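*Asks:* Input structure: entry_4.tsv, which contains TSV, C-alpha atoms.
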```tsv
chain	number	residue	atom	x	y	z
A	1	MET	CA	-5.15	-16.78	27.79
A	2	ILE	CA	-8.42	-15.91	29.51
A	3	CYS	CA	-7.92	-12.27	28.61
A	4	ALA	CA	-7.40	-13.20	24.99
A	5	LEU	CA	-10.57	-15.31	25.00
A	6	LEU	CA	-12.52	-12.48	26.63
A	7	ALA	CA	-11.19	-10.02	24.06
A	8	LEU	CA	-12.16	-12.40	21.26
A	9	GLN	CA	-15.63	-12.82	22.75
A	10	MET	CA	-15.97	-9.04	23.07
A	11	ALA	CA	-14.90	-8.54	19.47
A	12	PHE	CA	-17.41	-11.19	18.35
A	13	ILE	CA	-20.20	-9.50	20.29
A	14	ILE	CA	-19.28	-6.13	18.78
A	15	VAL	CA	-19.36	-7.62	15.26
A	16	LEU	CA	-22.80	-9.13	15.98
A	17	LEU	CA	-24.08	-5.82	17.32
A	18	VAL	CA	-22.81	-3.92	14.28
A	19	GLN	CA	-24.36	-6.50	11.95
A	20	ASN	CA	-27.64	-6.36	13.82
A	21	ARG	CA	-27.64	-2.60	13.55
A	22	ARG	CA	-26.97	-2.81	9.81
A	23	TYR	CA	-29.83	-5.28	9.33
A	24	SER	CA	-32.12	-3.08	11.36
A	25	ARG	CA	-31.15	0.00	9.31
A	26	ALA	CA	-31.62	-1.97	6.07
A	27	ARG	CA	-35.09	-3.07	7.23
A	28	THR	CA	-36.01	0.52	8.10
A	29	ASP	CA	-34.70	1.74	4.73
A	30	ALA	CA	-36.63	-0.99	2.91
A	31	ARG	CA	-39.81	-0.08	4.80
A	32	ARG	CA	-39.30	3.59	4.02
A	33	GLN	CA	-38.63	2.86	0.34
A	34	HIS	CA	-41.74	0.70	0.14
A	35	ALA	CA	-43.74	3.55	1.70
A	36	GLU	CA	-42.26	5.98	-0.86
A	37	ILE	CA	-43.07	3.73	-3.83
A	38	THR	CA	-46.54	2.97	-2.48
A	39	HIS	CA	-47.18	6.68	-1.98
A	40	ALA	CA	-46.00	7.51	-5.52
A	41	ALA	CA	-48.33	4.84	-6.91
A	42	ARG	CA	-51.18	6.24	-4.79
A	43	LEU	CA	-50.59	9.73	-6.19
A	44	ALA	CA	-50.68	8.29	-9.72
A	45	LEU	CA	-53.99	6.56	-8.93
A	46	ILE	CA	-55.49	9.76	-7.55
A	47	GLY	CA	-54.31	11.54	-10.69
A	48	GLU	CA	-56.61	9.29	-12.68
A	49	ILE	CA	-59.71	10.47	-10.82
A	50	THR	CA	-58.70	14.10	-10.17
A	51	ALA	CA	-60.78	15.58	-13.00
A	52	SER	CA	-63.92	13.82	-11.77
A	53	VAL	CA	-63.25	14.73	-8.14
A	54	ALA	CA	-62.65	18.38	-9.11
A	55	HIS	CA	-65.97	18.31	-10.96
A	56	GLU	CA	-67.68	16.89	-7.88
A	57	VAL	CA	-66.23	19.64	-5.67
A	58	THR	CA	-67.12	22.40	-8.14
A	59	GLN	CA	-70.83	21.49	-8.12
A	60	PRO	CA	-71.48	22.32	-4.43
A	61	LEU	CA	-69.20	25.38	-4.71
A	62	SER	CA	-71.27	26.60	-7.64
A	63	ALA	CA	-74.52	26.00	-5.73
A	64	ILE	CA	-73.10	27.87	-2.70
A	65	LEU	CA	-72.17	30.92	-4.80
A	66	SER	CA	-75.58	31.10	-6.49
A	67	ASN	CA	-77.35	30.58	-3.16
A	68	VAL	CA	-75.34	33.24	-1.32
A	69	GLU	CA	-75.89	35.80	-4.09
A	70	THR	CA	-79.60	34.98	-4.15
A	71	ALA	CA	-79.79	35.45	-0.35
A	72	ASP	CA	-78.03	38.80	-0.77
A	73	LEU	CA	-80.59	39.81	-3.40
A	74	LEU	CA	-83.49	38.69	-1.20
A	75	LEU	CA	-82.22	40.48	1.92
A	76	ARG	CA	-81.91	43.75	0.00
A	77	SER	CA	-85.56	43.67	-1.08
A	78	PRO	CA	-88.08	45.84	0.87
A	79	GLN	CA	-89.81	42.76	2.33
A	80	PRO	CA	-87.28	39.96	2.46
A	81	ASN	CA	-88.55	36.38	2.39
A	82	ILE	CA	-86.77	35.26	5.57
A	83	SER	CA	-88.00	31.65	5.44
A	84	LEU	CA	-86.47	31.30	1.94
A	85	VAL	CA	-83.20	32.83	3.18
A	86	LEU	CA	-83.15	30.30	6.05
A	87	GLU	CA	-83.78	27.49	3.53
A	88	ILE	CA	-80.88	28.81	1.45
A	89	LEU	CA	-78.58	28.93	4.48
A	90	ALA	CA	-79.40	25.28	5.26
A	91	ASP	CA	-78.49	24.33	1.68
A	92	VAL	CA	-75.27	26.35	1.84
A	93	ARG	CA	-74.26	24.39	4.94
A	94	LYS	CA	-75.18	21.07	3.29
A	95	ASP	CA	-73.17	21.90	0.13
A	96	ASP	CA	-70.21	23.09	2.15
A	97	LEU	CA	-70.11	19.73	3.97
A	98	ARG	CA	-70.48	17.89	0.66
A	99	ALA	CA	-67.42	19.64	-0.83
A	100	ASP	CA	-65.51	19.16	2.41
A	101	SER	CA	-66.17	15.40	2.53
A	102	MET	CA	-64.64	14.94	-0.94
A	103	VAL	CA	-61.58	17.01	-0.02
A	104	ARG	CA	-61.13	15.08	3.25
A	105	ARG	CA	-61.28	11.73	1.44
A	106	LEU	CA	-58.60	12.91	-0.98
A	107	ARG	CA	-56.46	14.41	1.78
A	108	THR	CA	-56.46	11.08	3.65
A	109	LEU	CA	-55.23	9.27	0.56
A	110	LEU	CA	-52.58	11.86	-0.22
A	111	ARG	CA	-50.81	11.36	3.12
A	112	LYS	CA	-47.48	9.55	3.03
A	113	ARG	CA	-47.22	6.88	5.69
A	114	GLU	CA	-45.66	3.54	6.50
A	115	LEU	CA	-47.93	0.61	7.26
A	116	GLN	CA	-49.82	1.26	10.51
A	117	LEU	CA	-52.28	-1.46	11.44
A	118	GLU	CA	-55.45	-0.44	13.23
A	119	ASP	CA	-59.12	-1.33	13.67
A	120	VAL	CA	-60.83	-0.75	10.29
A	121	ASP	CA	-64.50	-0.85	9.31
A	122	VAL	CA	-64.03	-2.18	5.76
A	123	ASN	CA	-67.65	-1.51	4.74
A	124	ALA	CA	-67.26	2.19	5.65
A	125	LEU	CA	-63.89	2.24	3.91
A	126	ALA	CA	-65.41	0.71	0.74
A	127	SER	CA	-68.23	3.29	0.77
A	128	SER	CA	-65.72	6.11	1.10
A	129	VAL	CA	-63.60	4.88	-1.84
A	130	LEU	CA	-66.75	4.34	-3.91
A	131	ALA	CA	-67.77	7.97	-3.23
A	132	LEU	CA	-64.43	9.04	-4.70
A	133	VAL	CA	-64.87	7.05	-7.93
A	134	LEU	CA	-68.61	7.70	-8.29
A	135	PRO	CA	-68.22	10.89	-10.40
A	136	ASP	CA	-65.88	9.01	-12.74
A	137	ALA	CA	-68.29	6.07	-12.89
A	138	VAL	CA	-71.17	8.42	-13.79
A	139	ARG	CA	-69.03	10.02	-16.51
A	140	ARG	CA	-68.31	6.54	-17.90
A	141	ASN	CA	-72.00	5.47	-17.68
A	142	ILE	CA	-71.14	2.75	-15.17
A	143	ILE	CA	-73.66	1.63	-12.55
A	144	ILE	CA	-72.19	0.81	-9.14
A	145	ARG	CA	-73.71	-1.99	-7.08
A	146	THR	CA	-72.67	-3.03	-3.60
A	147	ALA	CA	-73.24	-6.16	-1.54
A	148	LEU	CA	-71.60	-5.26	1.78
A	149	GLU	CA	-72.12	-7.84	4.53
A	150	PRO	CA	-73.97	-5.90	7.25
A	151	THR	CA	-72.41	-7.82	10.14
A	152	LEU	CA	-68.87	-7.77	8.76
A	153	PRO	CA	-66.34	-7.77	11.61
A	154	HIS	CA	-63.65	-5.10	11.58
A	155	ALA	CA	-60.28	-5.77	10.01
A	156	PHE	CA	-56.83	-5.19	11.46
A	157	ALA	CA	-55.29	-3.20	8.66
A	158	ASP	CA	-53.85	0.10	7.44
A	159	PRO	CA	-56.89	2.07	6.21
A	160	VAL	CA	-54.94	4.26	3.76
A	161	HIS	CA	-53.12	1.33	2.14
A	162	LEU	CA	-56.34	-0.68	2.02
A	163	GLN	CA	-58.11	2.22	0.28
A	164	GLN	CA	-55.28	2.27	-2.24
A	165	VAL	CA	-55.76	-1.43	-3.06
A	166	LEU	CA	-59.50	-0.98	-3.50
A	167	LEU	CA	-59.15	2.25	-5.50
A	168	ASN	CA	-56.71	0.47	-7.81
A	169	LEU	CA	-59.12	-2.41	-8.40
A	170	LEU	CA	-62.05	-0.03	-8.98
A	171	ILE	CA	-60.17	2.13	-11.51
A	172	ASN	CA	-58.98	-1.01	-13.34
A	173	ALA	CA	-62.54	-2.38	-13.38
A	174	MET	CA	-63.93	0.86	-14.84
A	175	GLU	CA	-61.17	0.95	-17.44
A	176	ALA	CA	-61.87	-2.71	-18.32
A	177	MET	CA	-65.46	-1.76	-19.26
A	178	LYS	CA	-64.64	1.04	-21.71
A	179	ASP	CA	-65.68	-1.18	-24.66
A	180	THR	CA	-68.64	-2.80	-22.87
A	181	PRO	CA	-72.08	-1.71	-24.16
A	182	THR	CA	-73.35	1.06	-21.85
A	183	ASP	CA	-76.37	-0.94	-20.66
A	184	ARG	CA	-74.05	-3.69	-19.33
A	185	ARG	CA	-71.52	-1.52	-17.51
A	186	VAL	CA	-71.94	-2.65	-13.93
A	187	LEU	CA	-69.27	-2.43	-11.26
A	188	GLU	CA	-69.95	-4.45	-8.15
A	189	VAL	CA	-68.20	-4.44	-4.79
A	190	ARG	CA	-68.77	-7.21	-2.26
A	191	THR	CA	-67.50	-7.67	1.26
A	192	GLU	CA	-67.86	-10.87	3.27
A	193	ARG	CA	-66.29	-12.86	6.04
A	194	CYS	CA	-63.88	-15.44	4.69
A	195	ALA	CA	-62.96	-18.47	6.81
A	196	GLU	CA	-62.37	-17.76	10.51
A	197	GLN	CA	-59.65	-15.17	10.46
A	198	ASN	CA	-60.16	-13.10	7.29
A	199	LEU	CA	-62.57	-10.92	5.45
A	200	MET	CA	-62.73	-10.73	1.67
A	201	VAL	CA	-63.35	-7.80	-0.66
A	202	THR	CA	-64.30	-8.56	-4.28
A	203	VAL	CA	-64.52	-6.15	-7.22
A	204	LEU	CA	-66.45	-7.47	-10.21
A	205	ASP	CA	-66.61	-5.92	-13.67
A	206	GLN	CA	-68.36	-6.66	-16.95
A	207	GLY	CA	-65.32	-6.14	-19.16
A	208	GLN	CA	-63.60	-8.63	-21.44
A	209	GLY	CA	-61.85	-10.53	-18.63
A	210	PHE	CA	-58.29	-11.72	-19.23
A	211	LYS	CA	-56.67	-14.51	-21.24
A	212	PRO	CA	-55.55	-17.61	-19.25
A	213	ALA	CA	-51.90	-16.82	-20.11
A	214	GLN	CA	-52.24	-13.37	-18.53
A	215	LYS	CA	-53.46	-14.69	-15.17
A	216	ASP	CA	-50.03	-15.36	-13.68
A	217	LYS	CA	-48.62	-12.03	-14.87
A	218	LEU	CA	-51.41	-9.72	-13.72
A	219	PHE	CA	-49.73	-8.92	-10.41
A	220	ASP	CA	-46.19	-8.68	-11.82
A	221	SER	CA	-44.38	-5.33	-11.85
A	222	PHE	CA	-44.44	-3.49	-15.17
A	223	TYR	CA	-47.09	-5.84	-16.62
A	224	THR	CA	-50.04	-3.92	-18.01
A	225	THR	CA	-52.76	-4.34	-20.59
A	226	ARG	CA	-53.50	-0.61	-20.56
A	227	GLU	CA	-51.92	1.76	-23.07
A	228	GLU	CA	-51.11	4.45	-20.52
A	229	GLY	CA	-50.50	2.21	-17.49
A	230	LEU	CA	-47.09	1.66	-15.91
A	231	GLY	CA	-48.02	-1.77	-14.64
A	232	LEU	CA	-47.17	-1.03	-11.02
A	233	GLY	CA	-50.64	-0.73	-9.49
A	234	LEU	CA	-51.47	-4.42	-9.05
A	235	SER	CA	-47.95	-5.40	-8.00
A	236	ILE	CA	-48.07	-2.74	-5.27
A	237	ALA	CA	-51.58	-3.89	-4.33
A	238	ARG	CA	-50.20	-7.40	-3.95
A	239	SER	CA	-47.32	-6.22	-1.76
A	240	ILE	CA	-49.73	-4.19	0.43
A	241	VAL	CA	-52.05	-7.17	0.85
A	242	ALA	CA	-49.07	-9.47	1.57
A	243	MET	CA	-47.80	-7.07	4.26
A	244	HIS	CA	-51.20	-7.46	5.92
A	245	GLY	CA	-50.89	-11.25	5.76
A	246	GLY	CA	-53.64	-11.54	3.16
A	247	ALA	CA	-53.87	-12.74	-0.45
A	248	ILE	CA	-55.01	-11.18	-3.73
A	249	TRP	CA	-56.11	-12.98	-6.88
A	250	ALA	CA	-58.15	-12.66	-10.06
A	251	GLU	CA	-60.66	-14.89	-11.82
A	252	ASN	CA	-62.65	-14.64	-15.01
A	253	ARG	CA	-66.40	-14.62	-14.41
A	254	ARG	CA	-68.54	-17.27	-16.07
A	255	ASP	CA	-70.87	-14.70	-17.64
A	256	GLY	CA	-68.04	-12.38	-18.80
A	257	GLY	CA	-65.83	-9.91	-17.05
A	258	ALA	CA	-63.35	-10.38	-14.23
A	259	ALA	CA	-63.43	-10.61	-10.45
A	260	PHE	CA	-60.50	-9.37	-8.36
A	261	ALA	CA	-60.53	-10.32	-4.70
A	262	PHE	CA	-58.31	-9.83	-1.69
A	263	THR	CA	-58.36	-10.90	1.93
A	264	VAL	CA	-57.22	-9.12	5.05
A	265	PRO	CA	-57.09	-10.46	8.59
A	266	LEU	CA	-59.87	-9.73	11.03
A	267	LYS	CA	-59.21	-7.77	14.17
A	268	THR	CA	-58.52	-10.32	16.90
A	269	GLN	CA	-60.86	-10.10	19.89
B	1	MET	CA	-92.61	37.13	-17.21
B	2	SER	CA	-90.03	35.15	-19.21
B	3	THR	CA	-89.85	31.39	-18.68
B	4	ILE	CA	-86.43	29.83	-18.32
B	5	THR	CA	-85.94	26.07	-18.63
B	6	ILE	CA	-83.00	24.68	-16.66
B	7	VAL	CA	-81.53	21.25	-17.45
B	8	GLU	CA	-78.92	20.23	-14.87
B	9	ASP	CA	-78.37	16.87	-13.19
B	10	ASP	CA	-76.98	18.12	-9.89
B	11	GLY	CA	-79.83	18.65	-7.44
B	12	SER	CA	-78.04	21.39	-5.46
B	13	VAL	CA	-77.03	23.38	-8.53
B	14	ILE	CA	-80.41	23.22	-10.25
B	15	LEU	CA	-82.18	24.40	-7.08
B	16	ALA	CA	-79.68	27.23	-6.53
B	17	VAL	CA	-79.84	28.41	-10.17
B	18	SER	CA	-83.62	28.22	-10.13
B	19	ARG	CA	-83.80	30.31	-6.92
B	20	LEU	CA	-81.42	32.87	-8.39
B	21	LEU	CA	-83.39	33.29	-11.60
B	22	GLU	CA	-86.72	33.42	-9.73
B	23	ALA	CA	-85.29	36.12	-7.43
B	24	ALA	CA	-84.22	38.00	-10.57
B	25	GLY	CA	-87.81	37.95	-11.83
B	26	PHE	CA	-87.96	34.93	-14.14
B	27	HIS	CA	-90.27	31.94	-14.05
B	28	THR	CA	-88.27	28.67	-14.10
B	29	ARG	CA	-88.91	25.05	-15.04
B	30	CYS	CA	-86.36	22.43	-13.94
B	31	PHE	CA	-85.32	19.08	-15.44
B	32	GLN	CA	-82.54	16.81	-14.17
B	33	SER	CA	-82.01	14.88	-17.41
B	34	ALA	CA	-82.34	15.40	-21.16
B	35	GLY	CA	-84.93	12.62	-21.30
B	36	ALA	CA	-87.10	14.35	-18.70
B	37	LEU	CA	-87.16	17.53	-20.82
B	38	LEU	CA	-87.74	15.72	-24.12
B	39	SER	CA	-90.70	13.81	-22.70
B	40	ASP	CA	-92.31	17.01	-21.39
B	41	ARG	CA	-95.13	18.26	-23.63
B	42	ASP	CA	-94.04	21.87	-23.05
B	43	ALA	CA	-90.38	21.11	-23.80
B	44	TYR	CA	-90.20	23.80	-26.48
B	45	LYS	CA	-92.07	26.52	-24.60
B	46	ALA	CA	-89.31	28.60	-23.03
B	47	ASP	CA	-87.69	31.98	-23.59
B	48	CYS	CA	-84.26	30.62	-22.72
B	49	LEU	CA	-82.70	27.26	-22.04
B	50	VAL	CA	-79.96	26.96	-19.38
B	51	LEU	CA	-78.13	23.74	-20.25
B	52	ASP	CA	-75.52	21.86	-18.27
B	53	VAL	CA	-72.97	20.02	-20.44
B	54	HIS	CA	-72.77	16.78	-18.43
B	55	LEU	CA	-76.19	15.17	-18.22
B	56	PRO	CA	-76.76	11.53	-17.29
B	57	ASP	CA	-78.32	10.48	-20.61
B	58	MET	CA	-76.62	12.72	-23.20
B	59	THR	CA	-74.59	15.92	-23.34
B	60	GLY	CA	-76.29	19.29	-23.21
B	61	PHE	CA	-74.97	19.92	-26.73
B	62	GLU	CA	-76.62	16.78	-28.05
B	63	LEU	CA	-79.87	17.76	-26.34
B	64	GLN	CA	-79.78	21.19	-28.00
B	65	ARG	CA	-79.12	19.58	-31.42
B	66	ARG	CA	-82.18	17.36	-30.95
B	67	LEU	CA	-84.33	20.31	-29.89
B	68	ALA	CA	-83.11	22.36	-32.86
B	69	ALA	CA	-83.76	19.46	-35.23
B	70	ALA	CA	-87.35	19.36	-33.91
B	71	GLY	CA	-87.74	23.07	-34.72
B	72	SER	CA	-86.81	24.75	-31.44
B	73	THR	CA	-85.29	28.21	-31.74
B	74	THR	CA	-85.04	28.82	-27.99
B	75	PRO	CA	-81.75	30.56	-27.18
B	76	VAL	CA	-79.31	28.62	-25.04
B	77	VAL	CA	-76.96	29.47	-22.17
B	78	VAL	CA	-74.44	26.70	-21.49
B	79	ILE	CA	-73.14	26.05	-17.96
B	80	THR	CA	-70.34	23.61	-17.13
B	81	ALA	CA	-68.03	22.54	-14.30
B	82	HIS	CA	-65.55	21.15	-16.80
B	83	ASP	CA	-64.14	23.75	-19.14
B	84	ASP	CA	-62.11	22.71	-22.16
B	85	ALA	CA	-61.54	23.79	-25.77
B	86	MET	CA	-63.87	21.08	-27.12
B	87	HIS	CA	-66.77	22.28	-24.96
B	88	ARG	CA	-66.18	25.92	-25.90
B	89	ARG	CA	-66.17	24.99	-29.60
B	90	ALA	CA	-69.34	22.89	-29.21
B	91	ALA	CA	-71.04	25.81	-27.40
B	92	ARG	CA	-70.16	28.10	-30.34
B	93	GLU	CA	-71.44	25.52	-32.83
B	94	ILE	CA	-74.87	25.30	-31.21
B	95	GLY	CA	-74.99	29.12	-31.16
B	96	ALA	CA	-75.04	29.48	-27.36
B	97	TYR	CA	-75.61	33.02	-26.08
B	98	ALA	CA	-73.13	32.43	-23.28
B	99	TYR	CA	-70.78	29.76	-21.98
B	100	LEU	CA	-70.43	29.99	-18.19
B	101	ILE	CA	-67.92	28.06	-16.11
B	102	LYS	CA	-69.04	26.98	-12.63
B	103	PRO	CA	-68.91	28.54	-10.15
B	104	PHE	CA	-70.23	31.60	-12.03
B	105	SER	CA	-71.41	34.90	-10.57
B	106	SER	CA	-75.12	35.64	-10.36
B	107	THR	CA	-74.59	38.74	-12.51
B	108	SER	CA	-73.06	36.76	-15.38
B	109	LEU	CA	-75.94	34.25	-15.39
B	110	VAL	CA	-78.74	36.80	-14.99
B	111	ASP	CA	-77.19	39.06	-17.71
B	112	ALA	CA	-76.78	36.14	-20.12
B	113	VAL	CA	-80.31	34.85	-19.53
B	114	THR	CA	-81.79	38.38	-19.84
B	115	ARG	CA	-80.02	38.94	-23.18
B	116	ALA	CA	-80.97	35.49	-24.46
B	117	ALA	CA	-84.62	35.81	-23.41
B	118	ALA	CA	-84.84	39.27	-25.01
B	119	GLY	CA	-83.66	37.77	-28.31
B	120	SER	CA	-86.00	34.81	-28.10
B	121	SER	CA	-88.50	34.23	-30.90
B	122	ARG	CA	-90.14	31.22	-29.20
```
In structure tokens, what does this structure look like?
*Replies:*
Amino acid sequence: MICALLALQMAFIIVLLVQNRRYSRARTDARRQHAEITHAARLALIGEITASVAHEVTQPLSAILSNVETADLLLRSPQPNISLVLEILADVRKDDLRADSMVRRLRTLLRKRELQLEDVDVNALASSVLALVLPDAVRRNIIIRTALEPTLPHAFADPVHLQQVLLNLLINAMEAMKDTPTDRRVLEVRTERCAEQNLMVTVLDQGQGFKPAQKDKLFDSFYTTREEGLGLGLSIARSIVAMHGGAIWAENRRDGGAAFAFTVPLKTQ
Amino acid sequence: MSTITIVEDDGSVILAVSRLLEAAGFHTRCFQSAGALLSDRDAYKADCLVLDVHLPDMTGFELQRRLAAAGSTTPVVVITAHDDAMHRRAAREIGAYAYLIKPFSSTSLVDAVTRAAAGSSR
């Protein structure tokens, strides 16, 4: 009798262990799938700014080539102007670093990774994402303004996923202003501490805003107001923010345009 | 000495192109926007105009159309970091001497500017 009970107990434990293992595998698969989908959406976002980024990398490369060939010309002259050559070399170095910084920013975003929370300076992160969209903003005649709280505490977040959320909001904001008169095209990014445990990032545009009926659908999958959009960007942004324990929402601005904001938790002391 | 006017919004590129042309024996004048050139009283006094396509206030093509409408016959060399069929067609339409895609070699720019300046009627 005791043996039978023990055997039954053993069998029960084995079933529990197998189930637990299945759940664990399912959780890992779900995490991996989320990372895959998020990465695919990130690649699509980067695709939207590739032409502008390529343009921004070509400019320093062009300056480097002209500078190097000028230095070559100068050094072959009977009395080379060495101080000018040194000036040229300094500019070559500066332009090389300029091209490299754009490539590094892109490379960071292109990496595939699951959510890894770490200490993040959100102001520095916002500046980096803004540098990526700046060439596109210039092409679209959009002025970028920032109001980044100087004493903003660090967040506990995944920097790559957070960049993706912000990049998504910035691209949407620029797209929203395509019919706005050029003298009113202003894109603003604000960071501030929000309550005790969070910080808030807000992206404000001067577009047409959205209709009240659209408000609840904005973050739904496959909902888009753009002709070429898939409607996945904001739903993925929402899932990223939710995985951080934050919230994302949108409001129409009183003087026209929309404001999209999200919160992320602060790094605990 | 021929005078070459360069209109290019990128500070690094305009400085590098200016140095190159100066080293090749030209005198250069630099402007970082179309508006800056148009408001210059010597805007039309050049033997060749090196024009970037993407300027902050208007395209290089539009700038050339305005200059031509005001009577300028200065030959133009177009430079661009963004090459496409529309730009190439626009460069042909404004009668550009050359259409150079960044990064371009010093030889291609100096040759184009030399040819353009030699054909200039000011």
*Asks:* Ranking B:Ile4, B:Leu15, B:Leu38, B:Ala98 by minimum distance to chain A and counting all atoms listed in the file, which one comes first?
*Replies:*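 Once distances to chain A are computed over all atoms listed in the file, the minimum belongs to B:Leu15.
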*Asks:* Would you list which chain A residues are within 12 Å of chain B using only C-alpha atoms, as number ranges by chain?
*Replies:* A: 50-77, 80-81, 84-85, 87-96, 98-99, 135-143, 182-183
*Asks:* At what distance in Å, to one decimal, does atom CA of Ile2 of chain A lie from atom CA of Leu17 of chain A?
*Replies:*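 Atom CA of Ile2 of chain A lies 22.3 Å from atom CA of Leu17 of chain A.
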*Asks:* Show which residues sit within 6 Å of segment 155-168 of chain A, as a list in words. Count all atoms listed in the file, and ignore same-chain residues fewer than 2 positions away.
*Replies:* Leu109, Leu115, Gln116, Leu117, Glu118, Asp119, Val120, Leu170, Ile171, Ala237, Pro265, Leu266 and Lys267 of chain A
*Asks:* Counting only C-alpha atoms, figure out which residue out of B:Cys48, B:Ile6, B:Val53, B:Ala69 gets nearest to Phe31 of chain B.
*Replies:*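 Nearest to Phe31 of chain B: B:Ile6.
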*Asks:* To one decimal place, how far is atom CA of Asp216 of chain A from atom CA of Leu204 of chain A in Å?
*Replies:*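 Value for the atom CA of Asp216 of chain A-atom CA of Leu204 of chain A distance: 18.5 Å.
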*Asks:* Would you mind reading off the distance between atom CA of Leu218 of chain A and atom CA of Pro153 of chain A, one decimal, in Å?
*Replies:* 29.5 Å
*Asks:* List every protein, DNA or RNA residue that has at least one atom no more than 7 Å from (-81.8, 30.1, -27.3) in the file's coordinates, counting only C-alpha atoms, and write the result as a PDB file with C-alpha atoms, in the frame of the given file.
*Replies:*
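Contents of the output file selection.pdb:
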```pdb
ATOM      1  CA  CYS B  48     -84.260  30.620 -22.720  1.00  0.00           C
ATOM      2  CA  LEU B  49     -82.700  27.260 -22.040  1.00  0.00           C
ATOM      3  CA  THR B  73     -85.290  28.210 -31.740  1.00  0.00           C
ATOM      4  CA  THR B  74     -85.040  28.820 -27.990  1.00  0.00           C
ATOM      5  CA  PRO B  75     -81.750  30.560 -27.180  1.00  0.00           C
ATOM      6  CA  VAL B  76     -79.310  28.620 -25.040  1.00  0.00           C
ATOM      7  CA  ALA B  96     -75.040  29.480 -27.360  1.00  0.00           C
ATOM      8  CA  TYR B  97     -75.610  33.020 -26.080  1.00  0.00           C
ATOM      9  CA  ALA B 116     -80.970  35.490 -24.460  1.00  0.00           C
ATOM     10  CA  SER B 120     -86.000  34.810 -28.100  1.00  0.00           C
TER      11      SER B 120
END
```
*Asks:* Restricting the calculation to all atoms listed in the file: of B:Thr28, B:Tyr99, B:Ala85, B:Arg92, which residue gets closest to Ala46 of chain B?
*Replies:*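 The answer is B:Thr28, which sits nearest to Ala46 of chain B.
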*Asks:* Identify which of the residues B:Thr114, B:Gln64, B:Thr3, B:Ser72 lies closest to Glu93 of chain B, counting only C-alpha atoms when measuring atom-to-atom distances.
*Replies:*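 Closest residue, counting only C-alpha atoms: B:Gln64.
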*Asks:* Between A:Val189, A:Leu134, A:Leu110, A:Ala242, which residue has the minimum interatomic distance to Ala44 of chain A, considering only C-alpha atoms?
*Replies:*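 Of the candidates, the smallest distance to Ala44 of chain A is held by A:Leu110.
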*Asks:* Calculated over all atoms listed in the file, which of the candidates B:Ser108, B:Ser2, B:Ala90, B:Asp9 has the smallest distance to Gly35 of chain B?
*Replies:*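 So, comparing all the options, the nearest one is B:Asp9.
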